[in-house]
$ cat input.pdb   # PDB, C-alpha atoms
ATOM      1  CA  MET A   4      -5.855  -8.720  -4.272
ATOM      2  CA  THR A   5      -6.878 -12.322  -5.055
ATOM      3  CA  LEU A   6      -5.078 -14.241  -7.796
ATOM      4  CA  GLU A   7      -8.422 -14.635  -9.553
ATOM      5  CA  VAL A   8      -9.984 -11.555 -11.128
ATOM      6  CA  LEU A   9     -13.342 -11.245  -9.366
ATOM      7  CA  PRO A  10     -16.362  -9.426 -10.801
ATOM      8  CA  PRO A  11     -16.020  -5.770  -9.686
ATOM      9  CA  ALA A  12     -19.117  -5.830  -7.470
ATOM     10  CA  LEU A  13     -17.929  -8.981  -5.684
ATOM     11  CA  ALA A  14     -14.407  -7.614  -5.221
ATOM     12  CA  GLU A  15     -15.718  -4.340  -3.813
ATOM     13  CA  ALA A  16     -18.059  -6.147  -1.426
ATOM     14  CA  THR A  17     -15.370  -8.410   0.032
ATOM     15  CA  GLN A  18     -12.073  -6.523   0.023
ATOM     16  CA  SER A  19     -12.780  -3.197   1.749
ATOM     17  CA  ILE A  20      -9.694  -1.145   2.640
ATOM     18  CA  ILE A  21      -7.138  -3.862   1.781
ATOM     19  CA  ALA A  22      -7.760  -3.239  -1.947
ATOM     20  CA  MET A  23      -7.999   0.550  -1.735
ATOM     21  CA  ASP A  24      -5.471   3.269  -2.533
ATOM     22  CA  GLY A  25      -5.019   6.629  -0.819
ATOM     23  CA  PRO A  26      -6.272   9.142  -0.064
ATOM     24  CA  ARG A  27      -9.567   7.290   0.514
ATOM     25  CA  HIS A  28      -7.710   4.374   2.092
ATOM     26  CA  SER A  29      -5.932   6.696   4.532
ATOM     27  CA  LEU A  30      -9.179   8.331   5.621
ATOM     28  CA  LEU A  31     -11.081   5.063   6.069
ATOM     29  CA  ARG A  32      -8.213   3.438   7.919
ATOM     30  CA  ARG A  33      -8.002   6.446  10.242
ATOM     31  CA  LEU A  34     -11.739   6.223  10.905
ATOM     32  CA  ILE A  35     -11.553   2.492  11.614
ATOM     33  CA  THR A  36      -8.381   2.734  13.701
ATOM     34  CA  SER A  37      -9.978   5.389  15.893
ATOM     35  CA  THR A  38     -12.451   2.756  17.139
ATOM     36  CA  PHE A  39      -9.694   0.330  18.308
ATOM     37  CA  THR A  40      -9.062   2.282  21.491
ATOM     38  CA  PRO A  41      -6.596   1.108  24.186
ATOM     39  CA  ARG A  42      -9.521   0.786  26.593
ATOM     40  CA  ARG A  43     -11.442  -1.471  24.217
ATOM     41  CA  MET A  44      -8.368  -3.622  23.571
ATOM     42  CA  ALA A  45      -7.689  -3.962  27.326
ATOM     43  CA  GLN A  46     -11.282  -5.046  27.905
ATOM     44  CA  MET A  47     -11.010  -7.555  25.069
ATOM     45  CA  ASP A  48      -7.746  -8.981  26.438
ATOM     46  CA  SER A  49      -9.445  -9.965  29.706
ATOM     47  CA  ALA A  50     -12.584 -11.224  27.956
ATOM     48  CA  ILE A  51     -10.586 -13.296  25.447
ATOM     49  CA  GLY A  52      -8.684 -14.904  28.317
ATOM     50  CA  ARG A  53     -11.942 -15.989  29.949
ATOM     51  CA  ALA A  54     -13.378 -17.195  26.635
ATOM     52  CA  ALA A  55     -10.240 -19.229  25.828
ATOM     53  CA  ARG A  56     -10.433 -20.926  29.220
ATOM     54  CA  ASP A  57     -14.100 -21.784  28.679
ATOM     55  CA  VAL A  58     -13.593 -23.049  25.111
ATOM     56  CA  VAL A  59     -10.852 -25.482  26.122
ATOM     57  CA  ALA A  60     -12.703 -26.525  29.289
ATOM     58  CA  SER A  61     -15.781 -27.411  27.223
ATOM     59  CA  VAL A  62     -13.894 -30.226  25.444
ATOM     60  CA  ALA A  63     -11.420 -31.259  28.185
ATOM     61  CA  HIS A  64     -13.646 -34.113  29.363
ATOM     62  CA  LEU A  65     -13.859 -35.724  25.900
ATOM     63  CA  GLY A  66     -10.366 -37.168  25.473
ATOM     64  CA  GLU A  67     -10.450 -36.553  21.723
ATOM     65  CA  VAL A  68     -11.837 -33.833  19.482
ATOM     66  CA  ASP A  69     -11.426 -32.180  16.120
ATOM     67  CA  PHE A  70      -9.143 -29.366  17.182
ATOM     68  CA  VAL A  71     -10.399 -26.970  14.498
ATOM     69  CA  SER A  72     -14.122 -27.142  15.232
ATOM     70  CA  GLY A  73     -13.667 -27.882  18.938
ATOM     71  CA  ILE A  74     -11.174 -25.153  19.806
ATOM     72  CA  ALA A  75      -9.395 -23.204  17.054
ATOM     73  CA  GLU A  76     -12.414 -21.783  15.226
ATOM     74  CA  ARG A  77     -14.453 -21.035  18.322
ATOM     75  CA  LEU A  78     -12.300 -18.382  19.974
ATOM     76  CA  PRO A  79     -11.740 -16.116  16.920
ATOM     77  CA  ILE A  80     -15.403 -16.175  15.872
ATOM     78  CA  TRP A  81     -16.428 -15.395  19.446
ATOM     79  CA  THR A  82     -13.921 -12.527  19.539
ATOM     80  CA  ILE A  83     -15.065 -10.951  16.270
ATOM     81  CA  CYS A  84     -18.743 -11.274  17.189
ATOM     82  CA  GLU A  85     -18.148  -9.782  20.632
ATOM     83  CA  ILE A  86     -16.204  -6.882  19.169
ATOM     84  CA  LEU A  87     -18.901  -6.154  16.591
ATOM     85  CA  GLY A  88     -21.840  -6.823  18.875
ATOM     86  CA  LEU A  89     -23.303  -9.531  16.609
ATOM     87  CA  PRO A  90     -26.084 -11.464  18.386
ATOM     88  CA  GLU A  91     -25.182 -14.974  19.480
ATOM     89  CA  GLU A  92     -27.912 -16.570  17.355
ATOM     90  CA  GLU A  93     -26.223 -15.247  14.176
ATOM     91  CA  ARG A  94     -22.752 -16.589  14.931
ATOM     92  CA  ASP A  95     -23.079 -20.128  13.610
ATOM     93  CA  ARG A  96     -24.497 -18.835  10.325
ATOM     94  CA  ALA A  97     -21.675 -16.324  10.027
ATOM     95  CA  LEU A  98     -19.100 -19.080  10.564
ATOM     96  CA  VAL A  99     -20.648 -21.320   7.877
ATOM     97  CA  HIS A 100     -20.501 -18.548   5.285
ATOM     98  CA  ALA A 101     -16.992 -17.440   6.293
ATOM     99  CA  ASN A 102     -15.774 -21.043   5.857
ATOM    100  CA  ALA A 103     -17.473 -21.328   2.461
ATOM    101  CA  MET A 104     -15.997 -18.056   1.199
ATOM    102  CA  ILE A 105     -12.446 -18.929   2.223
ATOM    103  CA  GLY A 106     -12.792 -22.570   1.138
ATOM    104  CA  CYS A 107     -14.718 -21.791  -2.047
ATOM    105  CA  LYS A 108     -12.209 -23.769  -4.157
ATOM    106  CA  ASP A 109     -12.502 -26.774  -1.855
ATOM    107  CA  GLU A 110     -15.183 -29.333  -2.734
ATOM    108  CA  GLU A 111     -16.266 -29.706   0.887
ATOM    109  CA  TYR A 112     -16.834 -25.994   1.425
ATOM    110  CA  GLY A 113     -17.479 -24.560  -2.043
ATOM    111  CA  HIS A 114     -19.521 -27.518  -3.318
ATOM    112  CA  GLY A 115     -17.931 -27.242  -6.761
ATOM    113  CA  ASP A 116     -19.067 -23.681  -7.465
ATOM    114  CA  PRO A 117     -16.594 -21.140  -6.002
ATOM    115  CA  ALA A 118     -18.358 -18.091  -7.462
ATOM    116  CA  GLN A 119     -21.696 -19.139  -6.001
ATOM    117  CA  ALA A 120     -20.135 -19.767  -2.575
ATOM    118  CA  LEU A 121     -18.686 -16.238  -2.655
ATOM    119  CA  ARG A 122     -21.966 -14.693  -3.791
ATOM    120  CA  ASP A 123     -23.980 -16.556  -1.154
ATOM    121  CA  GLY A 124     -21.543 -15.407   1.522
ATOM    122  CA  VAL A 125     -21.699 -11.780   0.409
ATOM    123  CA  VAL A 126     -25.517 -11.851   0.384
ATOM    124  CA  ALA A 127     -25.668 -13.390   3.866
ATOM    125  CA  PHE A 128     -23.049 -11.059   5.383
ATOM    126  CA  THR A 129     -24.621  -8.022   3.727
ATOM    127  CA  ALA A 130     -27.973  -8.818   5.324
ATOM    128  CA  MET A 131     -26.327  -9.377   8.724
ATOM    129  CA  ALA A 132     -24.311  -6.163   8.437
ATOM    130  CA  PHE A 133     -27.228  -3.936   7.446
ATOM    131  CA  ASP A 134     -29.477  -5.419  10.155
ATOM    132  CA  LEU A 135     -26.743  -4.776  12.718
ATOM    133  CA  ILE A 136     -26.126  -1.235  11.444
ATOM    134  CA  ASP A 137     -29.827  -0.439  11.806
ATOM    135  CA  GLU A 138     -29.921  -1.943  15.296
ATOM    136  CA  LYS A 139     -26.797  -0.137  16.539
ATOM    137  CA  ARG A 140     -27.820   3.174  14.995
ATOM    138  CA  ASP A 141     -31.089   3.019  16.943
ATOM    139  CA  HIS A 142     -29.591   1.444  20.062
ATOM    140  CA  PRO A 143     -25.816   2.126  20.230
ATOM    141  CA  GLU A 144     -23.746   0.084  22.670
ATOM    142  CA  ASP A 145     -20.083  -0.191  23.658
ATOM    143  CA  ASP A 146     -19.063  -2.262  20.644
ATOM    144  CA  LEU A 147     -17.138  -1.799  17.415
ATOM    145  CA  MET A 148     -20.177  -1.560  15.134
ATOM    146  CA  SER A 149     -21.612   1.323  17.181
ATOM    147  CA  ALA A 150     -18.201   2.993  17.163
ATOM    148  CA  LEU A 151     -17.852   2.602  13.376
ATOM    149  CA  ILE A 152     -21.254   4.215  12.851
ATOM    150  CA  GLU A 153     -20.279   7.163  15.051
ATOM    151  CA  ALA A 154     -16.631   7.538  13.939
ATOM    152  CA  GLU A 155     -15.750  10.837  12.278
ATOM    153  CA  ALA A 156     -12.538  12.229  10.749
ATOM    154  CA  ASP A 157     -12.085  15.427   8.754
ATOM    155  CA  GLY A 158     -15.844  15.882   8.869
ATOM    156  CA  GLU A 159     -16.485  12.524   7.174
ATOM    157  CA  ARG A 160     -18.146   9.358   8.367
ATOM    158  CA  LEU A 161     -18.155   5.820   7.032
ATOM    159  CA  THR A 162     -21.027   5.018   4.682
ATOM    160  CA  ASP A 163     -23.194   1.973   5.355
ATOM    161  CA  ASP A 164     -21.593   0.231   2.346
ATOM    162  CA  GLU A 165     -18.110   0.922   3.726
ATOM    163  CA  ILE A 166     -19.116  -0.449   7.118
ATOM    164  CA  ARG A 167     -20.656  -3.489   5.413
ATOM    165  CA  ALA A 168     -17.444  -4.181   3.456
ATOM    166  CA  PHE A 169     -15.332  -3.839   6.617
ATOM    167  CA  PHE A 170     -17.770  -6.140   8.464
ATOM    168  CA  ILE A 171     -17.136  -8.833   5.830
ATOM    169  CA  LEU A 172     -13.385  -8.198   5.916
ATOM    170  CA  LEU A 173     -13.323  -8.645   9.701
ATOM    171  CA  PHE A 174     -15.017 -12.016   9.476
ATOM    172  CA  ILE A 175     -12.584 -13.238   6.842
ATOM    173  CA  ALA A 176      -9.319 -11.569   7.896
ATOM    174  CA  GLY A 177      -9.982 -11.442  11.633
ATOM    175  CA  ASN A 178     -11.518 -14.868  12.058
ATOM    176  CA  GLU A 179     -10.020 -17.216   9.485
ATOM    177  CA  THR A 180      -6.401 -16.099   9.785
ATOM    178  CA  THR A 181      -6.244 -16.447  13.561
ATOM    179  CA  ARG A 182      -8.005 -19.803  13.729
ATOM    180  CA  HIS A 183      -5.608 -21.314  11.204
ATOM    181  CA  SER A 184      -2.579 -19.846  12.962
ATOM    182  CA  ILE A 185      -3.787 -21.546  16.155
ATOM    183  CA  SER A 186      -4.171 -24.906  14.382
ATOM    184  CA  HIS A 187      -0.831 -24.663  12.578
ATOM    185  CA  GLY A 188       0.855 -23.638  15.811
ATOM    186  CA  VAL A 189      -0.398 -26.618  17.789
ATOM    187  CA  HIS A 190       0.513 -28.906  14.873
ATOM    188  CA  ALA A 191       4.045 -27.441  14.726
ATOM    189  CA  LEU A 192       4.563 -27.825  18.471
ATOM    190  CA  ASP A 193       3.579 -31.485  18.102
ATOM    191  CA  ARG A 194       5.969 -31.983  15.152
ATOM    192  CA  PHE A 195       8.837 -30.319  17.028
ATOM    193  CA  PRO A 196       8.624 -31.809  20.540
ATOM    194  CA  ASP A 197      11.846 -30.100  21.654
ATOM    195  CA  GLN A 198      10.199 -26.723  21.025
ATOM    196  CA  ARG A 199       7.067 -27.797  22.854
ATOM    197  CA  ALA A 200       9.145 -28.925  25.847
ATOM    198  CA  LEU A 201      10.985 -25.597  25.782
ATOM    199  CA  LEU A 202       7.713 -23.658  25.759
ATOM    200  CA  LEU A 203       6.046 -25.685  28.495
ATOM    201  CA  GLY A 204       9.199 -25.596  30.610
ATOM    202  CA  ASP A 205       9.121 -21.788  30.843
ATOM    203  CA  PRO A 206       5.992 -20.299  29.219
ATOM    204  CA  ASP A 207       6.636 -16.777  30.503
ATOM    205  CA  ALA A 208      10.026 -16.677  28.811
ATOM    206  CA  HIS A 209       9.129 -18.413  25.567
ATOM    207  CA  LEU A 210       5.476 -17.655  24.788
ATOM    208  CA  PRO A 211       6.148 -14.312  23.022
ATOM    209  CA  GLY A 212       8.753 -15.943  20.775
ATOM    210  CA  ALA A 213       6.481 -18.941  20.170
ATOM    211  CA  ILE A 214       3.673 -16.654  19.017
ATOM    212  CA  GLU A 215       5.906 -14.884  16.487
ATOM    213  CA  GLU A 216       7.310 -18.172  15.193
ATOM    214  CA  ILE A 217       3.808 -19.643  14.871
ATOM    215  CA  ILE A 218       2.751 -16.608  12.847
ATOM    216  CA  ARG A 219       5.830 -16.930  10.598
ATOM    217  CA  TRP A 220       5.473 -20.697  10.294
ATOM    218  CA  SER A 221       1.760 -20.678   9.498
ATOM    219  CA  THR A 222       1.738 -17.521   7.308
ATOM    220  CA  PRO A 223      -2.070 -17.666   7.217
ATOM    221  CA  ILE A 224      -2.334 -15.274   4.253
ATOM    222  CA  MET A 225      -0.271 -16.940   1.527
ATOM    223  CA  THR A 226      -0.673 -14.505  -1.376
ATOM    224  CA  PHE A 227      -1.804 -11.037  -2.367
ATOM    225  CA  ARG A 228      -2.131  -9.789  -5.914
ATOM    226  CA  ARG A 229      -1.467  -6.135  -6.641
ATOM    227  CA  THR A 230      -1.637  -4.080  -9.864
ATOM    228  CA  ALA A 231       1.191  -1.779 -10.920
ATOM    229  CA  VAL A 232      -0.017   1.798 -11.391
ATOM    230  CA  GLU A 233       3.100   2.867 -13.293
ATOM    231  CA  ARG A 234       6.061   1.345 -15.112
ATOM    232  CA  THR A 235       8.756   0.252 -12.668
ATOM    233  CA  GLU A 236      11.583  -2.217 -12.142
ATOM    234  CA  LEU A 237      11.684  -4.813  -9.364
ATOM    235  CA  GLY A 238      14.472  -7.335  -8.897
ATOM    236  CA  GLY A 239      15.811  -6.627 -12.373
ATOM    237  CA  ARG A 240      12.428  -7.248 -13.980
ATOM    238  CA  THR A 241      10.471  -4.529 -15.772
ATOM    239  CA  ILE A 242       6.825  -4.309 -14.740
ATOM    240  CA  GLU A 243       4.485  -2.338 -16.946
ATOM    241  CA  ALA A 244       1.592  -0.231 -15.652
ATOM    242  CA  GLY A 245      -1.509  -2.388 -15.366
ATOM    243  CA  GLU A 246       0.374  -5.665 -14.966
ATOM    244  CA  HIS A 247      -0.397  -7.918 -12.027
ATOM    245  CA  VAL A 248       2.217  -8.686  -9.378
ATOM    246  CA  VAL A 249       1.792 -11.462  -6.817
ATOM    247  CA  LEU A 250       3.289 -11.312  -3.335
ATOM    248  CA  PHE A 251       4.010 -14.803  -1.969
ATOM    249  CA  TYR A 252       4.121 -14.302   1.791
ATOM    250  CA  SER A 253       4.756 -18.017   2.343
ATOM    251  CA  SER A 254       7.962 -17.724   0.321
ATOM    252  CA  ALA A 255       9.055 -14.508   2.033
ATOM    253  CA  ASN A 256       8.687 -16.100   5.464
ATOM    254  CA  ARG A 257      10.981 -18.974   4.366
ATOM    255  CA  ASP A 258      13.587 -16.700   2.758
ATOM    256  CA  GLU A 259      17.058 -18.127   3.480
ATOM    257  CA  ARG A 260      18.543 -14.623   3.127
ATOM    258  CA  VAL A 261      16.480 -13.470   6.111
ATOM    259  CA  PHE A 262      15.913 -16.586   8.258
ATOM    260  CA  THR A 263      18.541 -19.075   9.371
ATOM    261  CA  ASP A 264      17.290 -22.624   8.748
ATOM    262  CA  PRO A 265      13.792 -21.353   7.799
ATOM    263  CA  TRP A 266      12.234 -24.831   7.547
ATOM    264  CA  THR A 267      12.890 -25.442  11.239
ATOM    265  CA  PHE A 268      10.273 -24.330  13.751
ATOM    266  CA  ASP A 269      12.253 -22.411  16.353
ATOM    267  CA  ILE A 270      10.520 -20.447  19.118
ATOM    268  CA  THR A 271      13.852 -18.866  20.139
ATOM    269  CA  ARG A 272      14.365 -17.324  16.690
ATOM    270  CA  ARG A 273      15.783 -13.808  17.082
ATOM    271  CA  PRO A 274      15.222 -11.617  15.222
ATOM    272  CA  ASN A 275      12.027 -12.907  13.627
ATOM    273  CA  ARG A 276      11.313 -10.428  10.834
ATOM    274  CA  HIS A 277       8.335 -12.250   9.378
ATOM    275  CA  ILE A 278       5.891 -10.338   7.196
ATOM    276  CA  ALA A 279       2.756 -12.351   7.947
ATOM    277  CA  PHE A 280       0.999  -9.098   8.902
ATOM    278  CA  GLY A 281       2.419  -7.321   5.851
ATOM    279  CA  GLY A 282       5.706  -5.537   5.389
ATOM    280  CA  GLY A 283       4.717  -2.383   7.230
ATOM    281  CA  GLY A 284       3.377   0.722   5.547
ATOM    282  CA  PRO A 285      -0.224   1.867   5.119
ATOM    283  CA  HIS A 286      -1.657  -1.648   4.704
ATOM    284  CA  PHE A 287      -0.077  -3.228   7.793
ATOM    285  CA  CYS A 288      -2.645  -5.538   9.421
ATOM    286  CA  LEU A 289      -5.054  -3.691  11.717
ATOM    287  CA  GLY A 290      -5.674  -6.846  13.740
ATOM    288  CA  ALA A 291      -2.057  -7.819  14.486
ATOM    289  CA  HIS A 292      -2.313  -6.945  18.179
ATOM    290  CA  LEU A 293      -5.639  -8.737  18.557
ATOM    291  CA  ALA A 294      -4.319 -11.892  16.851
ATOM    292  CA  ARG A 295      -1.374 -12.027  19.258
ATOM    293  CA  ILE A 296      -3.743 -11.677  22.230
ATOM    294  CA  GLU A 297      -5.861 -14.603  21.000
ATOM    295  CA  LEU A 298      -2.838 -16.809  20.338
ATOM    296  CA  ARG A 299      -1.404 -16.048  23.777
ATOM    297  CA  HIS A 300      -4.575 -17.003  25.596
ATOM    298  CA  VAL A 301      -5.517 -20.086  23.584
ATOM    299  CA  LEU A 302      -2.012 -21.588  23.731
ATOM    300  CA  THR A 303      -1.874 -20.959  27.464
ATOM    301  CA  GLU A 304      -5.192 -22.728  28.037
ATOM    302  CA  VAL A 305      -4.587 -25.614  25.624
ATOM    303  CA  TYR A 306      -1.347 -26.646  27.315
ATOM    304  CA  ARG A 307      -2.572 -25.878  30.819
ATOM    305  CA  GLN A 308      -5.746 -27.953  30.501
ATOM    306  CA  LEU A 309      -4.576 -30.540  27.924
ATOM    307  CA  PRO A 310      -0.859 -30.980  28.730
ATOM    308  CA  ASP A 311      -0.482 -34.345  26.940
ATOM    309  CA  LEU A 312      -2.247 -33.227  23.733
ATOM    310  CA  ARG A 313      -1.324 -35.422  20.743
ATOM    311  CA  VAL A 314      -2.033 -34.279  17.177
ATOM    312  CA  GLY A 315      -3.184 -36.438  14.288
ATOM    313  CA  THR A 316      -2.949 -35.779  10.544
ATOM    314  CA  PRO A 317      -4.473 -32.452   9.488
ATOM    315  CA  ARG A 318      -6.826 -32.112   6.527
ATOM    316  CA  TYR A 319      -5.910 -28.982   4.570
ATOM    317  CA  VAL A 320      -8.403 -26.859   2.646
ATOM    318  CA  ALA A 321      -7.713 -26.368  -1.053
ATOM    319  CA  GLY A 322      -7.013 -22.763  -2.009
ATOM    320  CA  ASN A 323      -4.329 -20.229  -2.859
ATOM    321  CA  PHE A 324      -5.176 -17.421  -0.437
ATOM    322  CA  ILE A 325      -5.442 -18.660   3.163
ATOM    323  CA  ASN A 326      -3.294 -21.490   4.534
ATOM    324  CA  ALA A 327      -6.287 -23.270   6.004
ATOM    325  CA  ILE A 328      -6.628 -26.454   8.055
ATOM    326  CA  GLY A 329     -10.162 -27.830   7.808
ATOM    327  CA  ARG A 330      -9.867 -30.627  10.360
ATOM    328  CA  MET A 331      -7.208 -31.890  12.759
ATOM    329  CA  PRO A 332      -7.881 -34.739  15.198
ATOM    330  CA  VAL A 333      -6.291 -34.486  18.626
ATOM    331  CA  THR A 334      -6.293 -36.795  21.642
ATOM    332  CA  PHE A 335      -5.520 -36.144  25.306
ATOM    333  CA  THR A 336      -6.229 -37.501  28.749
ATOM    334  CA  ALA A 337      -9.803 -36.534  29.554
ATOM    335  CA  SER A 338     -10.278 -34.428  32.653
ATOM    336  CA  GLY A 339     -11.612 -36.525  35.512
ATOM    337  CA  SER A 340     -10.073 -39.724  34.074
TER     338      SER A 340
END
$ encode --input "input.pdb" --output "structure tokens"
Amino acid sequence: MTLEVLPPALAEATQSIIAMDGPRHSLLRRLITSTFTPRRMAQMDSAIGRAARDVVASVAHLGEVDFVSGIAERLPIWTICEILGLPEEERDRALVHANAMIGCKDEEYGHGDPAQALRDGVVAFTAMAFDLIDEKRDHPEDDLMSALIEAEADGERLTDDEIRAFFILLFIAGNETTRHSISHGVHALDRFPDQRALLLGDPDAHLPGAIEEIIRWSTPIMTFRRTAVERTELGGRTIEAGEHVVLFYSSANRDERVFTDPWTFDITRRPNRHIAFGGGGPHFCLGAHLARIELRHVLTEVYRQLPDLRVGTPRYVAGNFINAIGRMPVTFTASGS
């Protein structure tokens, strides 16, 4: 699914169900989906709200901060680790490797050797995953990893390798995408002050629309590569079996045939038929609901606690897969000033 053709072992270790066809994909997705129960999501909604409040409060006294490291990256990594039951002492290491894997083409993160950054990340996440599987198998708790170990459908369970691959996928897809949507959203609201004023003037009315427009605007996953399994025609172009096809989500979410004035950030946009979570079907994003919960809480807390937030120039991360912001300075009136 990446533009680059990865070695088979590396692709299998990092892509999990998003690069899998049915019927195995259908079974694994059903097993995984069965663990995202309404009760667990309701519990996470409340917990994410408290965590968002605490994350923003921890920097409110500073007056200036790198928004990415100070706020945007902290809530998603906390959420994923809480869901999985990953011990707190492992979280910083997980974040370092997740950053390196996504930013492997960027000199700052990949250190000039993208393949090595990917391999190092896979090795580190594999060790974390297998340690956690062993721990949760012996001492199950009310977390996603325990639920994945115990999940059963049609008499089948997930193998340890399948759980490991999904563990890696969660850290990349569930952490990186949301943190960059948060950063892009705050940047967009700064660039379009009329939209920010509209949102802050009536958050209850405009927050749902703002979340959807932020997701469209940021399009955190920019591309997916797929491989045709049979000869077909698309848009008047013949595609032969075995040929690669690239989906440019960034282009789709700026399509003038679908969106009026697509290069304008508009939180009142209706309808907003973005495909940032995919275009529906069997591969629609499992974490769409969770991402919206995180965006709702972090935006609420950012503008409640830092109402005069001003955004500097972002530093983007080189790459063709995730629309990543590496750093973004922000300033605000420090609490207590």
$ residues_around --input "input.pdb" --residues "Arg53 (chain A)" --least-positions-apart "4" --cutoff "12 Å" --atoms "only C-alpha atoms" --output "mmCIF file with C-alpha atoms, keeping the file's coordinate frame"
data_model
loop_
_atom_site.group_PDB
_atom_site.id
_atom_site.type_symbol
_atom_site.label_atom_id
_atom_site.label_comp_id
_atom_site.auth_asym_id
_atom_site.auth_seq_id
_atom_site.Cartn_x
_atom_site.Cartn_y
_atom_site.Cartn_z
ATOM 1 C CA GLN A 46 -11.282 -5.046 27.905
ATOM 2 C CA MET A 47 -11.010 -7.555 25.069
ATOM 3 C CA ASP A 48 -7.746 -8.981 26.438
ATOM 4 C CA SER A 49 -9.445 -9.965 29.706
ATOM 5 C CA ASP A 57 -14.100 -21.784 28.679
ATOM 6 C CA VAL A 58 -13.593 -23.049 25.111
ATOM 7 C CA VAL A 59 -10.852 -25.482 26.122
ATOM 8 C CA ALA A 60 -12.703 -26.525 29.289
ATOM 9 C CA LEU A 78 -12.300 -18.382 19.974
ATOM 10 C CA TRP A 81 -16.428 -15.395 19.446
ATOM 11 C CA THR A 82 -13.921 -12.527 19.539
ATOM 12 C CA GLU A 297 -5.861 -14.603 21.000
ATOM 13 C CA HIS A 300 -4.575 -17.003 25.596
ATOM 14 C CA VAL A 301 -5.517 -20.086 23.584
ATOM 15 C CA THR A 303 -1.874 -20.959 27.464
ATOM 16 C CA GLU A 304 -5.192 -22.728 28.037
#
$ residues_around --input "input.pdb" --residues "Glu67 (chain A)" --least-positions-apart "6" --cutoff "9 Å" --atoms "all atoms listed in the file" --output "list in words"
Pro332, Val333, Thr334, Phe335, Thr336 and Ala337 of chain A
$ residues_around --input "input.pdb" --residues "region 193-202 of chain A" --least-positions-apart "2" --cutoff "7 Å" --atoms "all atoms listed in the file" --output "CSV table (one decimal) with C-alpha atoms, in the coordinates of the input"
chain,number,residue,atom,x,y,z
A,189,VAL,CA,-0.4,-26.6,17.8
A,190,HIS,CA,0.5,-28.9,14.9
A,191,ALA,CA,4.0,-27.4,14.7
A,204,GLY,CA,9.2,-25.6,30.6
A,205,ASP,CA,9.1,-21.8,30.8
A,206,PRO,CA,6.0,-20.3,29.2
A,209,HIS,CA,9.1,-18.4,25.6
A,210,LEU,CA,5.5,-17.7,24.8
A,268,PHE,CA,10.3,-24.3,13.8
A,269,ASP,CA,12.3,-22.4,16.4
A,270,ILE,CA,10.5,-20.4,19.1
A,313,ARG,CA,-1.3,-35.4,20.7
A,314,VAL,CA,-2.0,-34.3,17.2
$ closest_residue --input "input.pdb" --among "A:Ala327, A:Ala50, A:Ile74, A:Ala132" --to "Leu173 (chain A)" --atoms "all atoms listed in the file"
A:Ala132
$ atom_distance --input "input.pdb" --atom1 "CA of Pro41 (chain A)" --atom2 "CA of Ala291 (chain A)"
13.9 Å
$ closest_residue --input "input.pdb" --among "A:Arg330, A:Arg295, A:Arg307, A:Lys108" --to "Ser184 (chain A)" --atoms "all atoms listed in the file"
A:Arg295
$ closest_residue --input "input.pdb" --among "A:Glu91, A:Glu159, A:Glu76, A:Glu165" --to "Gln18 (chain A)" --atoms "all atoms listed in the file"
A:Glu165
$ resolve_selection --input "input.pdb" --expression "the PyMOL selection byres ((chain A and resi 16) around 8)" --output "PyMOL selection string"
chain A and resi 12-15+17-19+125+167-168+171
$ write_last_selection --input "input.pdb" --atoms "C-alpha atoms" --output "compact mmCIF listing (two decimals), in the coordinates of the input"
# COMPACT_ATOMS: atom_id res chain seq x y z
CA ALA A 12 -19.12 -5.83 -7.47
CA LEU A 13 -17.93 -8.98 -5.68
CA ALA A 14 -14.41 -7.61 -5.22
CA GLU A 15 -15.72 -4.34 -3.81
CA THR A 17 -15.37 -8.41 0.03
CA GLN A 18 -12.07 -6.52 0.02
CA SER A 19 -12.78 -3.20 1.75
CA VAL A 125 -21.70 -11.78 0.41
CA ARG A 167 -20.66 -3.49 5.41
CA ALA A 168 -17.44 -4.18 3.46
CA ILE A 171 -17.14 -8.83 5.83
$ residues_around --input "input.pdb" --residues "Gly88 (chain A)" --least-positions-apart "2" --cutoff "12 Å" --atoms "all atoms listed in the file" --output "PyMOL selection string"
chain A and resi 80-86+90-94+131-132+134-136+138-139+142-151+170
$ write_last_selection --input "input.pdb" --atoms "C-alpha atoms" --output "short mmCIF file (atom, residue, chain, number, x, y, z; two decimals), in the frame of the given file"
data_model
loop_
_atom_site.label_atom_id
_atom_site.label_comp_id
_atom_site.auth_asym_id
_atom_site.auth_seq_id
_atom_site.Cartn_x
_atom_site.Cartn_y
_atom_site.Cartn_z
CA ILE A 80 -15.40 -16.18 15.87
CA TRP A 81 -16.43 -15.40 19.45
CA THR A 82 -13.92 -12.53 19.54
CA ILE A 83 -15.06 -10.95 16.27
CA CYS A 84 -18.74 -11.27 17.19
CA GLU A 85 -18.15 -9.78 20.63
CA ILE A 86 -16.20 -6.88 19.17
CA PRO A 90 -26.08 -11.46 18.39
CA GLU A 91 -25.18 -14.97 19.48
CA GLU A 92 -27.91 -16.57 17.36
CA GLU A 93 -26.22 -15.25 14.18
CA ARG A 94 -22.75 -16.59 14.93
CA MET A 131 -26.33 -9.38 8.72
CA ALA A 132 -24.31 -6.16 8.44
CA ASP A 134 -29.48 -5.42 10.15
CA LEU A 135 -26.74 -4.78 12.72
CA ILE A 136 -26.13 -1.24 11.44
CA GLU A 138 -29.92 -1.94 15.30
CA LYS A 139 -26.80 -0.14 16.54
CA HIS A 142 -29.59 1.44 20.06
CA PRO A 143 -25.82 2.13 20.23
CA GLU A 144 -23.75 0.08 22.67
CA ASP A 145 -20.08 -0.19 23.66
CA ASP A 146 -19.06 -2.26 20.64
CA LEU A 147 -17.14 -1.80 17.42
CA MET A 148 -20.18 -1.56 15.13
CA SER A 149 -21.61 1.32 17.18
CA ALA A 150 -18.20 2.99 17.16
CA LEU A 151 -17.85 2.60 13.38
CA PHE A 170 -17.77 -6.14 8.46
#
